[in-house]
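S.K.: One structure follows; several queries about it will come next.
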Number of protein chains: 2
Amino acid sequence: MTLEAEQLTYRFFTEIGIIFQLSTTLLEDHLPGRMTSREFGMLGHLVRRPEGRTPLEIAKAFQLPKTSVTHSLSMLEARSLIAFAPNPADARSKIAYATSQADPFVKEINHVVNERLSPLVADLGVDTFASALPHLEAIRVALDGERD
Amino acid sequence: MTLEAEQLTYRFFTEIGIIFQLSTTLLEDHLPGRMTSREFGMLGHLVRRPEGRTPLEIAKAFQLPKTSVTHSLSMLEARSLIAFAPNPADARSKIAYATSQADPFVKEINHVVNERLSPLVADLGVDTFASALPHLEAIRVALDGERD
DNA sequence: CTATATTAGTTCGATATCGTATTAGTTGGA
DNA sequence: TCCAACTAATACGATATCGAACTAATATAG
C-alpha cells in the first residue's frame, strides 16, 4: 500500500467512526428509555423478516458476539417487541421474531428521525447519500468477506 | 422527505453501522490487551497534535460524553502512552498529550492493520475509498453542525 | 448404536460506557 | 470585591459489552 492509499483509508475509517457516533447519538435521543441503537437495529432487521431469525443468524448478520446478541434480544423481549419460538429444526436453538407491536414502533421512530434529518438531507441533497452508498456497499461486502 | 430519500438514508446509516462494526473488530484484533478502538483513536488524535488537548476538547472532537473521555484517557495514561500537564490558562482543566512512546506505537499498529487491509484495498481499488470520502466528509460536517 | 466432537445458547465475571451529582475554579455584574 | 451563574473534570452508580466457561443438543466416526 502506498502512503497515499494508507492515508486515504485511514481518513475513510475515521469518517465512518465519526458519522457512526453522531448518528447513533441522534437516534438514541429518540429511543425510549435506555434502548440502544443496536437493539433498534436488530428490531428493524426482524420486522423486515417476519419469519424470524435465530440468535446466531443475527450475530452473523451484525457481526456481534453471540453473548451480546443474547443480551440485546432479552432487552427487546422485555419490551414485548419481540418473542421467541422454539426452532423446529434444532432443539438447542430458538427463533426470535417481531411482535405486532414492533412494526408501528419502528415506523414511528423512523418517522421522527426522518423529520429530524430532513433539513440536513434537503441541504446536502439526496445525491450525496446516493453517491456514497454503492461505494460503502462494496467496502462492506469486501470487509465482510475478509474475515478469516 | 420522500419515501425513496428515507430508504436511501436508512440504507446509508445501516452500511455505516456495519462497516464501523467490522472495522472496529478488525482493529481491536491488533490492539494490545483490552485497548479499545476509541482509545486508539484518541491516541492518534493526540499524536497528530503534539501540543496536546484538554479532555473537553477531545470530547467535542469525538462527540463523546466528558465522562467517557475521562475514562479512556486514564486507560491511555496507565499505559504511559499519554501524560497530563496542568492547563496554564485554567486551573480546573488539564492538558493531555502523547508521550514519546505513543508515536512508534501508533505507527506500528497502523502498519500491521494496513498490511492486513492491503489485499482488500488492492482488490477494490483505492478509488472506491477516494470516491466515498468527500461524500462522507460532507455528511459528517452537516451532521456535526446539526446538533442542537 | 455409541463415543466424541461440534454447535446453540446462556451464565458469569470483567470492564466499557455514560447519565447524574459533586467539587473546584472561573466569570461577569452589581 | 463579592457572589451567583457557569464550567472542567471527576466520582459514583446503572447498564452494555463481550470473552471464557458451561449446558444441552446434534452430528459424525467407527
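We label chains A, B, ... in the order they appear in the C-alpha cells, count residues from 1 in each chain, and number ligands from 1 in the order shown.
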Taking only C-alpha atoms (C1' of nucleotides) into account, what are the residues of chain B at most 8 Å from chain D, put as a list in words?

M.R.: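 So the contacting residues turn out to be Leu56, Thr67, Thr70, Arg92 and Ser93 of chain B.
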
S.K.: Can you check which residues of chain B DSSP gives as strand (DSSP E) on the backbone and send them as an MDAnalysis selection string?

M.R.: chainID B and resid 82:86 94:98

S.K.: Enumerate as a PyMOL selection string the residues belonging to chain B that approach chain A to within 9 Å, with only C-alpha atoms taken into account.

M.R.: chain B and resi 1+5-6+8-26+41+61-64+110-111+114-115+117-124+126+128-140+142-144+146-147

S.K.: Please write the residues from the selection above to a file, keeping C-alpha atoms, as a PDB file, in the first residue's frame.

M.R.:
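Below you can see out_38.pdb, which holds the result:
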ATOM      1  CA  MET B   1     -38.590  13.610   2.709  1.00  0.00           C
ATOM      2  CA  ALA B   5     -34.961   9.504   0.258  1.00  0.00           C
ATOM      3  CA  GLU B   6     -35.900   7.887   3.568  1.00  0.00           C
ATOM      4  CA  LEU B   8     -31.710   5.770   0.960  1.00  0.00           C
ATOM      5  CA  THR B   9     -30.618   7.420   4.184  1.00  0.00           C
ATOM      6  CA  TYR B  10     -31.725   4.362   6.137  1.00  0.00           C
ATOM      7  CA  ARG B  11     -29.523   2.142   3.993  1.00  0.00           C
ATOM      8  CA  PHE B  12     -26.684   4.640   4.213  1.00  0.00           C
ATOM      9  CA  PHE B  13     -26.668   4.621   8.007  1.00  0.00           C
ATOM     10  CA  THR B  14     -27.082   0.858   8.052  1.00  0.00           C
ATOM     11  CA  GLU B  15     -23.939   0.491   5.941  1.00  0.00           C
ATOM     12  CA  ILE B  16     -22.127   2.935   8.200  1.00  0.00           C
ATOM     13  CA  GLY B  17     -23.039   0.806  11.205  1.00  0.00           C
ATOM     14  CA  ILE B  18     -21.877  -2.456   9.646  1.00  0.00           C
ATOM     15  CA  ILE B  19     -18.613  -1.003   8.351  1.00  0.00           C
ATOM     16  CA  PHE B  20     -17.979   0.554  11.732  1.00  0.00           C
ATOM     17  CA  GLN B  21     -18.575  -2.749  13.479  1.00  0.00           C
ATOM     18  CA  LEU B  22     -16.367  -4.725  11.074  1.00  0.00           C
ATOM     19  CA  SER B  23     -13.514  -2.219  11.065  1.00  0.00           C
ATOM     20  CA  THR B  24     -13.590  -1.817  14.829  1.00  0.00           C
ATOM     21  CA  THR B  25     -13.368  -5.565  15.348  1.00  0.00           C
ATOM     22  CA  LEU B  26     -10.530  -5.776  12.841  1.00  0.00           C
ATOM     23  CA  GLY B  41      -8.478   6.895  18.021  1.00  0.00           C
ATOM     24  CA  ALA B  61     -13.851  16.360  18.667  1.00  0.00           C
ATOM     25  CA  PHE B  62     -15.169  12.818  19.115  1.00  0.00           C
ATOM     26  CA  GLN B  63     -18.672  13.781  20.162  1.00  0.00           C
ATOM     27  CA  LEU B  64     -18.430  11.780  23.364  1.00  0.00           C
ATOM     28  CA  ASN B 110      -1.220   1.274  11.659  1.00  0.00           C
ATOM     29  CA  HIS B 111       1.417  -0.640   9.775  1.00  0.00           C
ATOM     30  CA  ASN B 114      -2.559  -1.634   6.700  1.00  0.00           C
ATOM     31  CA  GLU B 115      -0.839  -4.908   5.851  1.00  0.00           C
ATOM     32  CA  LEU B 117      -6.171  -4.393   4.727  1.00  0.00           C
ATOM     33  CA  SER B 118      -3.863  -4.243   1.763  1.00  0.00           C
ATOM     34  CA  PRO B 119      -5.343  -7.154  -0.265  1.00  0.00           C
ATOM     35  CA  LEU B 120      -8.808  -5.746   0.256  1.00  0.00           C
ATOM     36  CA  VAL B 121      -7.792  -2.277  -0.868  1.00  0.00           C
ATOM     37  CA  ALA B 122      -5.917  -3.720  -3.853  1.00  0.00           C
ATOM     38  CA  ASP B 123      -8.980  -5.737  -4.768  1.00  0.00           C
ATOM     39  CA  LEU B 124     -11.490  -2.903  -4.502  1.00  0.00           C
ATOM     40  CA  VAL B 126      -8.219   2.852  -3.813  1.00  0.00           C
ATOM     41  CA  THR B 128     -13.606   3.165  -4.014  1.00  0.00           C
ATOM     42  CA  PHE B 129     -12.370   4.820  -0.833  1.00  0.00           C
ATOM     43  CA  ALA B 130     -11.373   8.027  -2.586  1.00  0.00           C
ATOM     44  CA  SER B 131     -14.786   8.353  -4.198  1.00  0.00           C
ATOM     45  CA  ALA B 132     -16.689   7.804  -0.983  1.00  0.00           C
ATOM     46  CA  LEU B 133     -14.580  10.104   1.157  1.00  0.00           C
ATOM     47  CA  PRO B 134     -15.792  13.558   0.029  1.00  0.00           C
ATOM     48  CA  HIS B 135     -19.411  12.489   0.435  1.00  0.00           C
ATOM     49  CA  LEU B 136     -18.707  11.165   3.905  1.00  0.00           C
ATOM     50  CA  GLU B 137     -16.953  14.380   4.822  1.00  0.00           C
ATOM     51  CA  ALA B 138     -19.900  16.445   3.649  1.00  0.00           C
ATOM     52  CA  ILE B 139     -22.329  14.304   5.622  1.00  0.00           C
ATOM     53  CA  ARG B 140     -20.132  14.371   8.705  1.00  0.00           C
ATOM     54  CA  ALA B 142     -23.589  18.524   8.154  1.00  0.00           C
ATOM     55  CA  LEU B 143     -24.392  16.105  10.971  1.00  0.00           C
ATOM     56  CA  ASP B 144     -21.883  17.797  13.210  1.00  0.00           C
ATOM     57  CA  GLU B 146     -26.906  19.872  13.074  1.00  0.00           C
ATOM     58  CA  ARG B 147     -26.503  19.281  16.777  1.00  0.00           C
TER      59      ARG B 147
END

S.K.: Take chain B, lay it over chain A with a least-squares fit on all the Cα atoms in order, then hand it over as a CSV table (one decimal) with C-alpha atoms, in the first residue's frame.

M.R.:
chain,number,residue,atom,x,y,z
B,1,MET,CA,0.0,0.0,0.0
B,2,THR,CA,1.3,3.4,-0.9
B,3,LEU,CA,1.4,6.1,1.7
B,4,GLU,CA,-1.4,7.9,0.0
B,5,ALA,CA,-3.6,4.8,0.0
B,6,GLU,CA,-2.9,4.4,3.7
B,7,GLN,CA,-3.8,7.9,4.5
B,8,LEU,CA,-6.9,7.6,2.4
B,9,THR,CA,-8.2,4.5,4.1
B,10,TYR,CA,-7.3,6.0,7.5
B,11,ARG,CA,-9.4,9.1,6.8
B,12,PHE,CA,-12.2,6.9,5.4
B,13,PHE,CA,-12.4,4.8,8.6
B,14,THR,CA,-12.1,8.0,10.7
B,15,GLU,CA,-15.1,9.5,8.9
B,16,ILE,CA,-17.0,6.2,9.4
B,17,GLY,CA,-16.3,6.4,13.1
B,18,ILE,CA,-17.5,10.0,13.5
B,19,ILE,CA,-20.6,9.5,11.4
B,20,PHE,CA,-21.4,6.4,13.3
B,21,GLN,CA,-21.0,8.2,16.7
B,22,LEU,CA,-23.1,11.2,15.6
B,23,SER,CA,-25.9,9.2,14.0
B,24,THR,CA,-26.1,6.8,16.9
B,25,THR,CA,-26.4,9.6,19.4
B,26,LEU,CA,-29.1,11.2,17.2
B,27,LEU,CA,-31.1,8.0,17.0
B,28,GLU,CA,-30.7,7.2,20.7
B,29,ASP,CA,-32.1,10.7,21.6
B,30,HIS,CA,-35.3,9.5,20.1
B,31,LEU,CA,-35.4,5.9,21.5
B,32,PRO,CA,-37.4,5.2,24.7
B,33,GLY,CA,-35.6,4.7,28.0
B,34,ARG,CA,-32.3,3.1,27.6
B,35,MET,CA,-32.9,1.3,24.4
B,36,THR,CA,-29.7,1.2,22.3
B,37,SER,CA,-29.3,1.8,18.6
B,38,ARG,CA,-28.1,-1.8,18.5
B,39,GLU,CA,-31.4,-3.1,19.8
B,40,PHE,CA,-33.3,-0.9,17.4
B,41,GLY,CA,-31.2,-2.2,14.5
B,42,MET,CA,-32.0,-5.8,15.4
B,43,LEU,CA,-35.6,-5.0,15.8
B,44,GLY,CA,-35.8,-3.4,12.3
B,45,HIS,CA,-34.0,-6.5,11.0
B,46,LEU,CA,-36.6,-8.8,12.5
B,47,VAL,CA,-39.5,-6.6,11.4
B,48,ARG,CA,-38.3,-6.9,7.8
B,49,ARG,CA,-38.0,-10.7,8.3
B,50,PRO,CA,-41.4,-11.8,9.7
B,51,GLU,CA,-40.4,-15.5,9.7
B,52,GLY,CA,-37.8,-14.6,12.4
B,53,ARG,CA,-34.2,-15.4,12.8
B,54,THR,CA,-32.1,-17.4,15.3
B,55,PRO,CA,-29.8,-15.5,17.7
B,56,LEU,CA,-26.8,-17.0,15.8
B,57,GLU,CA,-28.1,-15.7,12.5
B,58,ILE,CA,-28.5,-12.3,14.0
B,59,ALA,CA,-25.0,-12.4,15.4
B,60,LYS,CA,-23.6,-13.2,12.0
B,61,ALA,CA,-25.7,-10.6,10.2
B,62,PHE,CA,-24.5,-7.9,12.6
B,63,GLN,CA,-21.0,-9.3,13.2
B,64,LEU,CA,-21.5,-9.4,17.0
B,65,PRO,CA,-20.6,-11.9,19.7
B,66,LYS,CA,-23.4,-14.3,20.4
B,67,THR,CA,-23.4,-13.2,24.0
B,68,SER,CA,-24.1,-9.6,23.1
B,69,VAL,CA,-27.0,-10.8,20.9
B,70,THR,CA,-28.4,-12.8,23.8
B,71,HIS,CA,-28.4,-9.6,25.9
B,72,SER,CA,-29.9,-7.3,23.3
B,73,LEU,CA,-32.7,-9.7,22.4
B,74,SER,CA,-33.6,-10.2,26.0
B,75,MET,CA,-34.0,-6.4,26.3
B,76,LEU,CA,-36.3,-6.4,23.3
B,77,GLU,CA,-38.3,-9.3,24.7
B,78,ALA,CA,-38.7,-7.4,28.0
B,79,ARG,CA,-40.4,-4.6,26.0
B,80,SER,CA,-42.6,-7.2,24.2
B,81,LEU,CA,-41.2,-6.0,20.9
B,82,ILE,CA,-40.0,-9.5,20.1
B,83,ALA,CA,-40.9,-13.0,21.2
B,84,PHE,CA,-39.2,-16.4,21.0
B,85,ALA,CA,-40.4,-19.6,19.5
B,86,PRO,CA,-38.7,-23.0,19.6
B,87,ASN,CA,-36.7,-23.9,16.5
B,88,PRO,CA,-38.4,-26.9,15.0
B,89,ALA,CA,-35.2,-27.8,13.2
B,90,ASP,CA,-33.0,-27.8,16.3
B,91,ALA,CA,-33.9,-28.0,19.9
B,92,ARG,CA,-30.8,-26.2,21.0
B,93,SER,CA,-31.9,-23.2,19.1
B,94,LYS,CA,-34.8,-20.8,19.1
B,95,ILE,CA,-36.3,-18.2,16.8
B,96,ALA,CA,-36.7,-14.6,17.6
B,97,TYR,CA,-39.5,-12.8,15.8
B,98,ALA,CA,-41.0,-9.3,15.9
B,99,THR,CA,-44.4,-9.0,17.7
B,100,SER,CA,-47.3,-7.0,16.3
B,101,GLN,CA,-46.2,-4.0,18.4
B,102,ALA,CA,-42.8,-3.9,16.7
B,103,ASP,CA,-43.8,-2.6,13.2
B,104,PRO,CA,-45.7,0.5,14.4
B,105,PHE,CA,-42.9,1.2,16.9
B,106,VAL,CA,-40.2,1.0,14.3
B,107,LYS,CA,-42.2,3.1,11.8
B,108,GLU,CA,-42.9,5.8,14.4
B,109,ILE,CA,-39.2,6.1,15.4
B,110,ASN,CA,-38.1,6.2,11.8
B,111,HIS,CA,-40.7,8.8,11.1
B,112,VAL,CA,-39.4,11.1,13.9
B,113,VAL,CA,-35.8,10.6,13.0
B,114,ASN,CA,-36.5,11.3,9.3
B,115,GLU,CA,-38.2,14.5,10.3
B,116,ARG,CA,-35.2,15.4,12.3
B,117,LEU,CA,-32.8,14.6,9.4
B,118,SER,CA,-34.9,16.1,6.7
B,119,PRO,CA,-33.4,19.6,6.7
B,120,LEU,CA,-29.9,18.1,6.6
B,121,VAL,CA,-30.8,15.8,3.7
B,122,ALA,CA,-32.5,18.7,1.9
B,123,ASP,CA,-29.4,20.8,2.4
B,124,LEU,CA,-26.9,18.3,1.3
B,125,GLY,CA,-29.1,16.8,-1.4
B,126,VAL,CA,-30.1,13.1,-1.5
B,127,ASP,CA,-27.4,12.6,-4.1
B,128,THR,CA,-24.7,12.9,-1.5
B,129,PHE,CA,-26.1,9.8,0.2
B,130,ALA,CA,-26.9,8.1,-3.1
B,131,SER,CA,-23.4,8.6,-4.4
B,132,ALA,CA,-21.7,7.3,-1.3
B,133,LEU,CA,-23.9,4.2,-0.9
B,134,PRO,CA,-22.6,1.9,-3.7
B,135,HIS,CA,-19.0,2.5,-2.5
B,136,LEU,CA,-20.0,1.8,1.1
B,137,GLU,CA,-21.7,-1.4,0.0
B,138,ALA,CA,-18.7,-2.5,-2.0
B,139,ILE,CA,-16.4,-1.9,1.0
B,140,ARG,CA,-18.8,-3.6,3.4
B,141,VAL,CA,-19.0,-6.7,1.2
B,142,ALA,CA,-15.3,-6.8,0.9
B,143,LEU,CA,-14.7,-6.3,4.6
B,144,ASP,CA,-17.3,-8.9,5.4
B,145,GLY,CA,-15.7,-11.4,3.1
B,146,GLU,CA,-12.2,-10.7,4.5
B,147,ARG,CA,-12.9,-12.2,7.9
B,148,ASP,CA,-10.6,-15.2,8.5

S.K.: Would you kindly report the residues of chain C within 8 Å of chain B, using only C-alpha atoms (C1' of nucleotides), as a count of residues only?

M.R.: 5

S.K.: So which residues of region 29-134 of chain B fall under helix (DSSP H, G or I) by DSSP, listed as a VMD selection string?

M.R.: chain B and resid 37 to 47 55 to 62 66 to 78 102 to 124 126 to 134
